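This is target.cif (mmCIF, C-alpha atoms and all ligand atoms).
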data_query
loop_
_atom_site.label_atom_id
_atom_site.label_comp_id
_atom_site.auth_asym_id
_atom_site.auth_seq_id
_atom_site.Cartn_x
_atom_site.Cartn_y
_atom_site.Cartn_z
CA MET A 1 14.00 19.07 1.95
CA TYR A 2 14.78 15.37 1.72
CA HIS A 3 15.80 12.86 4.37
CA SER A 4 16.26 9.21 3.32
CA VAL A 5 16.36 7.62 -0.14
CA ALA A 6 15.49 3.91 -0.08
CA ASP A 7 12.94 1.31 -1.05
CA TYR A 8 10.72 0.67 1.96
CA ASP A 9 7.86 -1.34 3.42
CA GLU A 10 6.68 1.26 5.93
CA ASP A 11 7.51 4.93 6.36
CA PRO A 12 5.35 6.32 9.19
CA HIS A 13 7.34 9.54 9.50
CA GLN A 14 7.30 10.13 5.73
CA ILE A 15 11.03 10.69 5.54
CA THR A 16 11.78 8.34 2.65
CA VAL A 17 11.64 8.65 -1.12
CA THR A 18 12.42 5.65 -3.30
CA PRO A 19 15.41 5.82 -5.66
CA ASP A 20 12.98 5.56 -8.56
CA ARG A 21 10.98 8.55 -7.33
CA LEU A 22 14.12 10.63 -6.70
CA GLU A 23 15.31 9.95 -10.27
CA LYS A 24 11.94 11.05 -11.63
CA GLN A 25 12.00 14.22 -9.51
CA PHE A 26 15.51 15.09 -10.67
CA ALA A 27 14.54 14.35 -14.28
CA TRP A 28 11.59 16.73 -13.82
CA MET A 29 14.04 19.42 -12.64
CA ARG A 30 16.46 18.82 -15.48
CA ALA A 31 13.67 18.98 -18.08
CA ARG A 32 12.91 22.49 -16.79
CA GLY A 33 16.52 23.64 -16.95
CA LEU A 34 16.92 23.42 -13.18
CA ARG A 35 20.07 22.16 -11.44
CA GLY A 36 20.34 20.93 -7.87
CA VAL A 37 23.09 22.37 -5.67
CA GLY A 38 23.94 22.44 -1.98
CA ALA A 39 22.53 25.21 0.18
CA ALA A 40 25.87 27.01 0.67
CA GLU A 41 26.41 27.13 -3.10
CA LEU A 42 22.88 28.42 -3.61
CA MET A 43 23.40 31.18 -1.01
CA GLU A 44 26.67 32.22 -2.63
CA ALA A 45 25.08 32.25 -6.09
CA GLN A 46 22.23 34.34 -4.75
CA GLU A 47 24.69 36.90 -3.42
CA ASN A 48 26.37 37.36 -6.77
CA GLY A 49 23.17 37.16 -8.79
CA SER A 50 23.94 33.87 -10.54
CA HIS A 51 21.27 31.72 -8.89
CA SER A 52 18.85 31.51 -11.79
CA GLY A 53 17.90 27.88 -12.43
CA LEU A 54 19.48 26.60 -9.21
CA VAL A 55 17.54 24.58 -6.64
CA GLY A 56 18.93 23.96 -3.17
CA LEU A 57 18.84 20.25 -2.30
CA THR A 58 19.13 19.33 1.38
CA PHE A 59 19.18 15.89 3.01
CA ASP A 60 18.68 15.85 6.79
CA ASP A 61 20.00 13.35 9.35
CA GLY A 62 22.91 11.82 7.36
CA TYR A 63 21.51 8.37 6.53
CA VAL A 64 23.85 5.80 5.02
CA ASP A 65 21.56 5.74 1.99
CA PHE A 66 22.77 9.26 1.18
CA ILE A 67 26.16 7.89 0.17
CA ASP A 68 24.92 4.53 -1.16
CA VAL A 69 21.85 5.67 -3.08
CA ALA A 70 21.45 9.46 -3.30
CA ILE A 71 25.00 10.39 -4.37
CA PRO A 72 25.05 8.08 -7.44
CA ILE A 73 21.72 9.58 -8.55
CA LEU A 74 22.93 13.13 -7.87
CA GLN A 75 26.09 12.45 -9.87
CA HIS A 76 24.10 10.96 -12.74
CA PHE A 77 22.29 14.28 -13.08
CA GLY A 78 25.37 16.44 -12.41
CA PHE A 79 23.76 17.76 -9.22
CA THR A 80 25.26 18.38 -5.78
CA ALA A 81 23.50 18.65 -2.42
CA SER A 82 23.94 19.34 1.28
CA VAL A 83 23.66 16.68 3.95
CA TYR A 84 23.29 17.56 7.64
CA VAL A 85 24.61 15.04 10.14
CA VAL A 86 23.86 14.47 13.83
CA ALA A 87 27.32 14.76 15.41
CA ASP A 88 26.92 12.47 18.44
CA LEU A 89 25.20 9.75 16.41
CA ILE A 90 27.73 9.33 13.60
CA GLY A 91 27.83 5.63 12.75
CA GLY A 92 24.68 5.12 14.86
CA GLU A 93 20.96 5.05 14.13
CA ASN A 94 17.98 7.42 14.01
CA VAL A 95 17.13 6.81 17.68
CA TRP A 96 15.00 9.99 17.85
CA ASP A 97 12.45 8.43 15.48
CA HIS A 98 11.67 5.62 17.92
CA PRO A 99 9.30 3.90 17.40
CA GLY A 100 9.80 3.69 13.67
CA PRO A 101 11.99 2.00 11.07
CA VAL A 102 15.62 1.94 12.18
CA LYS A 103 17.94 3.53 9.64
CA PRO A 104 21.73 3.54 9.92
CA LEU A 105 23.56 6.87 9.95
CA MET A 106 26.82 7.48 8.07
CA THR A 107 30.13 6.69 9.72
CA ALA A 108 33.02 9.17 9.97
CA ASP A 109 34.72 7.61 6.93
CA GLN A 110 31.54 7.82 4.90
CA ILE A 111 31.09 11.48 5.81
CA ALA A 112 34.66 12.20 4.68
CA THR A 113 33.87 10.43 1.39
CA VAL A 114 30.76 12.59 0.96
CA VAL A 115 32.95 15.70 1.19
CA ALA A 116 35.41 14.19 -1.30
CA CYS A 117 32.46 13.71 -3.69
CA GLY A 118 31.91 17.49 -3.68
CA MET A 119 28.86 17.46 -1.43
CA GLU A 120 28.36 19.94 1.42
CA VAL A 121 28.25 18.54 4.96
CA GLY A 122 26.57 20.61 7.65
CA SER A 123 25.41 20.18 11.22
CA HIS A 124 22.05 18.87 12.39
CA SER A 125 22.99 19.34 16.08
CA CYS A 126 24.66 16.83 18.42
CA THR A 127 21.67 14.75 19.54
CA HIS A 128 18.60 15.78 17.45
CA GLN A 129 16.55 17.36 20.25
CA HIS A 130 13.90 20.08 20.13
CA LEU A 131 16.27 23.02 20.63
CA PRO A 132 13.71 25.54 22.02
CA SER A 133 13.21 23.29 25.07
CA LEU A 134 16.93 23.28 26.00
CA SER A 135 18.77 25.51 28.48
CA ASP A 136 21.06 28.18 27.04
CA SER A 137 24.17 26.14 27.78
CA ASP A 138 22.77 22.93 26.27
CA LEU A 139 21.64 24.88 23.22
CA THR A 140 25.13 26.30 22.74
CA ASP A 141 26.61 22.83 23.14
CA GLU A 142 24.32 21.33 20.47
CA ILE A 143 25.22 24.08 18.03
CA GLU A 144 28.92 24.69 18.70
CA ARG A 145 30.21 21.24 19.60
CA SER A 146 28.51 19.61 16.61
CA ARG A 147 30.26 22.05 14.32
CA GLU A 148 33.65 21.46 15.92
CA GLN A 149 33.23 17.69 15.65
CA ILE A 150 32.28 17.79 11.98
CA VAL A 151 35.12 20.17 11.11
CA ALA A 152 37.55 17.83 12.91
CA LEU A 153 36.14 14.91 10.94
CA THR A 154 36.11 16.37 7.45
CA GLY A 155 38.74 19.13 7.57
CA ALA A 156 36.20 21.17 5.59
CA PRO A 157 34.42 24.31 6.78
CA VAL A 158 30.93 23.75 8.16
CA GLN A 159 28.76 26.60 6.95
CA GLY A 160 25.25 25.32 7.49
CA PHE A 161 23.05 24.22 10.39
CA VAL A 162 19.62 22.55 10.22
CA TYR A 163 17.25 22.82 13.20
CA PRO A 164 15.97 19.40 14.33
CA TYR A 165 12.21 19.19 13.59
CA GLY A 166 12.48 22.65 12.01
CA ASP A 167 12.10 24.07 15.55
CA VAL A 168 13.57 27.57 15.65
CA GLY A 169 12.83 30.78 17.48
CA PRO A 170 14.83 34.00 17.80
CA ARG A 171 17.05 32.52 20.55
CA GLU A 172 18.07 29.50 18.44
CA ALA A 173 18.68 31.59 15.31
CA GLN A 174 20.86 34.03 17.27
CA ALA A 175 22.85 31.19 18.82
CA VAL A 176 23.57 29.68 15.37
CA HIS A 177 24.60 33.10 14.04
CA ARG A 178 26.84 33.74 17.06
CA SER A 179 28.51 30.36 16.65
CA GLY A 180 29.86 31.39 13.26
CA TYR A 181 27.63 29.46 10.88
CA ASP A 182 26.93 31.19 7.61
CA TYR A 183 23.27 30.10 7.33
CA ALA A 184 20.67 27.77 8.84
CA CYS A 185 17.71 25.91 7.37
CA ALA A 186 14.27 25.87 8.93
CA ILE A 187 11.00 24.95 7.28
CA TRP A 188 8.99 28.11 7.62
CA PRO A 189 10.67 31.43 6.84
CA SER A 190 11.20 33.95 9.60
CA ALA A 191 11.65 37.58 8.64
CA SER A 192 13.55 38.31 11.84
CA ALA A 193 15.99 35.39 11.40
CA GLY A 194 16.70 35.92 7.68
CA ARG A 195 19.46 33.58 6.47
CA TYR A 196 19.36 31.79 9.83
CA ALA A 197 15.88 30.35 9.19
CA LEU A 198 15.80 29.62 5.47
CA PRO A 199 12.47 28.20 4.34
CA ARG A 200 12.41 24.73 2.82
CA THR A 201 9.73 22.70 1.13
CA PHE A 202 9.19 19.08 2.14
CA ILE A 203 9.58 16.71 -0.82
CA GLY A 204 8.22 13.22 -0.30
CA ASP A 205 7.61 9.98 -2.11
CA ARG A 206 4.17 11.08 -3.29
CA ASP A 207 5.55 14.10 -5.09
CA SER A 208 4.85 13.46 -8.74
CA SER A 209 5.51 16.01 -11.48
CA LEU A 210 2.17 17.70 -10.88
CA ARG A 211 2.78 18.03 -7.15
CA LEU A 212 6.32 19.30 -7.75
CA ALA A 213 4.96 22.03 -10.00
CA VAL A 214 2.56 23.12 -7.24
CA LYS A 215 5.28 22.99 -4.59
CA ARG A 216 7.70 24.95 -6.76
CA ARG A 217 5.16 27.74 -7.12
CA ARG A 218 4.22 27.62 -3.45
CA HIS A 219 7.87 27.77 -2.37
CA SER A 220 8.38 31.06 -4.18
CA TRP A 221 5.52 32.53 -2.13
CA ARG A 222 6.93 31.37 1.18
CA ARG A 223 9.46 34.15 1.43
CA TYR A 224 6.54 36.49 2.02
CA VAL A 225 5.31 34.50 5.01
CA THR A 226 6.78 36.07 8.12
CA ASP A 227 7.29 34.40 11.46
CA ALA A 228 4.73 31.70 10.80
CA PRO A 229 4.22 29.00 13.45
CA VAL A 230 6.87 26.34 13.79
CA THR A 231 6.03 23.19 11.86
CA ALA A 232 6.97 19.72 12.99
CA ALA A 233 9.28 17.70 10.73
CA ARG A 234 11.66 14.92 11.48
ZN ZN A 301 16.28 15.48 11.47
#

Spell out the structure here as structure tokens.
Amino acid sequence: MYHSVADYDEDPHQITVTPDRLEKQFAWMRARGLRGVGAAELMEAQENGSHSGLVGLTFDDGYVDFIDVAIPILQHFGFTASVYVVADLIGGENVWDHPGPVKPLMTADQIATVVACGMEVGSHSCTHQHLPSLSDSDLTDEIERSREQIVALTGAPVQGFVYPYGDVGPREAQAVHRSGYDYACAIWPSASAGRYALPRTFIGDRDSSLRLAVKRRRHSWRRYVTDAPVTAAR
């Protein structure tokens, strides 16, 4: 689970990795015979048993640095990834992180270019709110309207949804399923939500080779954790 890729002065929400660090992390993967792919591709490979050596790479929020910085690095390594955009804030800023460093979000044209580059684009809701605190109708709006907007923008199917802050309970997972998404990413796994609360591991700028090795091992254990408490993430 990545967010932003940029050089930075301050990063209070720990959502940024530097380009140099990302290159080192991808080189670490490649040296171990691992290849980064988008989440939808990983899910499909898992279904037909061809997922060995694949690592799902996800980038939340849809920062402009995904197209400017992350994609060239991904392409250098022959990797692909998924990026999840906030539908009502396309071309805007990460207003939900206020106060904090302002980061521009991709425009409609940039998102279309991302799809043309072979990357997966999914939904990260309409407005990046804590979904469990919303009414049923607002929840449905965040999930369904964001998908419709992104499909209209890219002309490509939108298979994946990412819960803002990783906040998901049974109601949210059912709503995403009902809305026709193929999968959704959380942080902690949930046995009851299955493919609608896929576990992810936070990867940050401090994640050196040693830490990646620990996180890789820990991630493989997470599938056995059932219905653990919701964890905050941006
Ligand atoms: Zn987010």

Practice task
Please extract the residues at most 7 Å from ligand ZN 301 (chain A), counting only C-alpha atoms and all ligand atoms, and provide them as a VMD selection string, using the chain letters and residue numbers of this document.
Solution key: chain A and resid 60 to 61 124 128 164 to 165 234

Fill in the blank from the handout: atom CA of Val55 of chain A sits from atom CA of Leu153 of chain A at a separation of 27.4 Å

Problem - Counting all atoms listed in the file, the option among A:Leu105, A:Ile111, A:Val214, A:Val176 closest to Ala197 of chain A - result: A:Val176

Within 12 Å of segment 31-40 of chain A, which residues of segment 120-139 of chain A show up? Give each one with its shortest atom-to-atom distance in Å (one decimal) and the two atoms involved, counting all atoms listed in the file, rows by chain then rising residue number, as a Markdown table.
| residue | atom | partner | partner_atom | distance |
| --- | --- | --- | --- | --- |
| A:Glu120 | CA | A:Gly38 | CA | 6.1 |
| A:Val121 | CA | A:Gly38 | CA | 9.1 |
| A:Gly122 | CA | A:Ala40 | CA | 9.5 |

Problem - Cut-off 9 Å around (10.1, 28.1, 5.1) with all atoms listed in the file: residues as a PyMOL selection string - result: chain A and resi 185-190+197-201+219+222-223+225+228

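Restricting the calculation to all atoms listed in the file, the smallest distance between Ala108 of chain A and any of A:Gln149, A:Gln129, A:Ser209, A:Ser50 is found for A:Gln149.
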
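Neighbouring residues of His98 of chain A at 12 Å or closer, counting only C-alpha atoms and skipping chain neighbours under 4 positions away, are Pro12, His13, Glu93, Asn94, Val102, Lys103 and Arg234 of chain A.
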
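Of the residues listed (A:Gln174, A:Ser137, A:Ser208, A:Ser4), A:Ser208 shows the shortest atom-to-atom separation from Met29 of chain A; distances use only C-alpha atoms.
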
Exercise for the section: Check the smallest atom-to-atom distance from each of A:Tyr84, A:Phe66, A:Trp96, A:Phe202 to Thr113 of chain A using only C-alpha atoms, then report the winner. Expected result: A:Phe66

Problem - Spatial neighbours of Arg195 of chain A, 8 Å, all atoms listed in the file, chain gap at least 4 places, as a ChimeraX atom specification - result: /A:182-185

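Minimum atom-to-atom distance to Asp65 of chain A, evaluated using only C-alpha atoms, belongs to A:Pro104 out of A:Pro104, A:Gly53, A:Gly194, A:Gly155.
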
Exercise for the section: Fewer than 6 positions away in the same chain doesn't count, so skip those; otherwise give me all residues within 10 Å of His130 of chain A, counting only C-alpha atoms, as JSON, numbers by chain. Expected result: {"A": [139, 163, 164, 165, 166, 167, 168, 232]}

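Picture a line from atom CA of Ala27 of chain A to atom CA of Asp11 of chain A; it runs 23.8 Å.
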
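The space separating atom CA of Ala6 of chain A from atom CA of Thr58 of chain A comes to 15.9 Å.
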
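Shortest separation to Leu74 of chain A among A:Phe59, A:Tyr181, A:Tyr2, A:Phe26 occurs at residue A:Phe26, atoms counted being all atoms listed in the file.
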
Exercise for the section: Excluding Tyr8 of chain A and residues on its chain fewer than 4 positions from it, collect all residues at most 9 Å away from it, counting only C-alpha atoms, and give them as a PyMOL selection string. Expected result: chain A and resi 16-18

Taking the partial coordinates given, rebuild segment 144-168 of chain A to contain N, CA and C atoms; return it as a PDB file, in the coordinates of the input.
ATOM      1  N   GLU A 144      27.482  24.462  18.877  1.00  0.00           N
ATOM      2  CA  GLU A 144      28.920  24.690  18.700  1.00  0.00           C
ATOM      3  C   GLU A 144      29.724  23.396  18.645  1.00  0.00           C
ATOM      4  N   ARG A 145      29.413  22.469  19.552  1.00  0.00           N
ATOM      5  CA  ARG A 145      30.210  21.240  19.600  1.00  0.00           C
ATOM      6  C   ARG A 145      29.987  20.389  18.354  1.00  0.00           C
ATOM      7  N   SER A 146      28.762  20.392  17.829  1.00  0.00           N
ATOM      8  CA  SER A 146      28.510  19.610  16.610  1.00  0.00           C
ATOM      9  C   SER A 146      29.361  20.145  15.468  1.00  0.00           C
ATOM     10  N   ARG A 147      29.468  21.454  15.393  1.00  0.00           N
ATOM     11  CA  ARG A 147      30.260  22.050  14.320  1.00  0.00           C
ATOM     12  C   ARG A 147      31.742  21.663  14.464  1.00  0.00           C
ATOM     13  N   GLU A 148      32.242  21.793  15.692  1.00  0.00           N
ATOM     14  CA  GLU A 148      33.650  21.460  15.920  1.00  0.00           C
ATOM     15  C   GLU A 148      33.937  20.005  15.549  1.00  0.00           C
ATOM     16  N   GLN A 149      33.022  19.113  15.933  1.00  0.00           N
ATOM     17  CA  GLN A 149      33.230  17.690  15.650  1.00  0.00           C
ATOM     18  C   GLN A 149      33.254  17.403  14.150  1.00  0.00           C
ATOM     19  N   ILE A 150      32.365  18.048  13.423  1.00  0.00           N
ATOM     20  CA  ILE A 150      32.280  17.790  11.980  1.00  0.00           C
ATOM     21  C   ILE A 150      33.487  18.396  11.264  1.00  0.00           C
ATOM     22  N   VAL A 151      33.918  19.563  11.703  1.00  0.00           N
ATOM     23  CA  VAL A 151      35.120  20.170  11.110  1.00  0.00           C
ATOM     24  C   VAL A 151      36.323  19.247  11.355  1.00  0.00           C
ATOM     25  N   ALA A 152      36.429  18.721  12.577  1.00  0.00           N
ATOM     26  CA  ALA A 152      37.550  17.830  12.910  1.00  0.00           C
ATOM     27  C   ALA A 152      37.523  16.573  12.037  1.00  0.00           C
ATOM     28  N   LEU A 153      36.329  16.145  11.706  1.00  0.00           N
ATOM     29  CA  LEU A 153      36.140  14.910  10.940  1.00  0.00           C
ATOM     30  C   LEU A 153      36.455  15.078   9.454  1.00  0.00           C
ATOM     31  N   THR A 154      36.027  16.195   8.907  1.00  0.00           N
ATOM     32  CA  THR A 154      36.110  16.370   7.450  1.00  0.00           C
ATOM     33  C   THR A 154      37.253  17.290   7.037  1.00  0.00           C
ATOM     34  N   GLY A 155      37.724  18.143   7.948  1.00  0.00           N
ATOM     35  CA  GLY A 155      38.740  19.130   7.570  1.00  0.00           C
ATOM     36  C   GLY A 155      38.164  20.227   6.684  1.00  0.00           C
ATOM     37  N   ALA A 156      36.847  20.168   6.449  1.00  0.00           N
ATOM     38  CA  ALA A 156      36.200  21.170   5.590  1.00  0.00           C
ATOM     39  C   ALA A 156      35.415  22.139   6.458  1.00  0.00           C
ATOM     40  N   PRO A 157      35.243  23.370   5.998  1.00  0.00           N
ATOM     41  CA  PRO A 157      34.420  24.310   6.780  1.00  0.00           C
ATOM     42  C   PRO A 157      32.976  23.838   6.866  1.00  0.00           C
ATOM     43  N   VAL A 158      32.350  24.096   7.998  1.00  0.00           N
ATOM     44  CA  VAL A 158      30.930  23.750   8.160  1.00  0.00           C
ATOM     45  C   VAL A 158      30.160  25.066   8.174  1.00  0.00           C
ATOM     46  N   GLN A 159      29.433  25.317   7.103  1.00  0.00           N
ATOM     47  CA  GLN A 159      28.760  26.600   6.950  1.00  0.00           C
ATOM     48  C   GLN A 159      27.307  26.570   7.393  1.00  0.00           C
ATOM     49  N   GLY A 160      26.689  25.380   7.290  1.00  0.00           N
ATOM     50  CA  GLY A 160      25.250  25.320   7.490  1.00  0.00           C
ATOM     51  C   GLY A 160      24.804  24.510   8.689  1.00  0.00           C
ATOM     52  N   PHE A 161      23.672  24.918   9.268  1.00  0.00           N
ATOM     53  CA  PHE A 161      23.050  24.220  10.390  1.00  0.00           C
ATOM     54  C   PHE A 161      21.586  23.987  10.023  1.00  0.00           C
ATOM     55  N   VAL A 162      21.055  22.828  10.421  1.00  0.00           N
ATOM     56  CA  VAL A 162      19.620  22.550  10.220  1.00  0.00           C
ATOM     57  C   VAL A 162      18.997  22.261  11.581  1.00  0.00           C
ATOM     58  N   TYR A 163      17.931  22.994  11.918  1.00  0.00           N
ATOM     59  CA  TYR A 163      17.250  22.820  13.200  1.00  0.00           C
ATOM     60  C   TYR A 163      16.496  21.491  13.219  1.00  0.00           C
ATOM     61  N   PRO A 164      16.754  20.634  14.225  1.00  0.00           N
ATOM     62  CA  PRO A 164      15.970  19.400  14.330  1.00  0.00           C
ATOM     63  C   PRO A 164      14.473  19.739  14.392  1.00  0.00           C
ATOM     64  N   TYR A 165      13.670  19.012  13.664  1.00  0.00           N
ATOM     65  CA  TYR A 165      12.210  19.190  13.590  1.00  0.00           C
ATOM     66  C   TYR A 165      11.814  20.563  13.037  1.00  0.00           C
ATOM     67  N   GLY A 166      12.784  21.296  12.502  1.00  0.00           N
ATOM     68  CA  GLY A 166      12.480  22.650  12.010  1.00  0.00           C
ATOM     69  C   GLY A 166      12.172  23.633  13.127  1.00  0.00           C
ATOM     70  N   ASP A 167      12.434  23.244  14.373  1.00  0.00           N
ATOM     71  CA  ASP A 167      12.100  24.070  15.550  1.00  0.00           C
ATOM     72  C   ASP A 167      13.092  25.202  15.715  1.00  0.00           C
ATOM     73  N   VAL A 168      12.670  26.429  15.469  1.00  0.00           N
ATOM     74  CA  VAL A 168      13.570  27.570  15.650  1.00  0.00           C
ATOM     75  C   VAL A 168      12.782  28.788  16.092  1.00  0.00           C
TER      76      VAL A 168
END
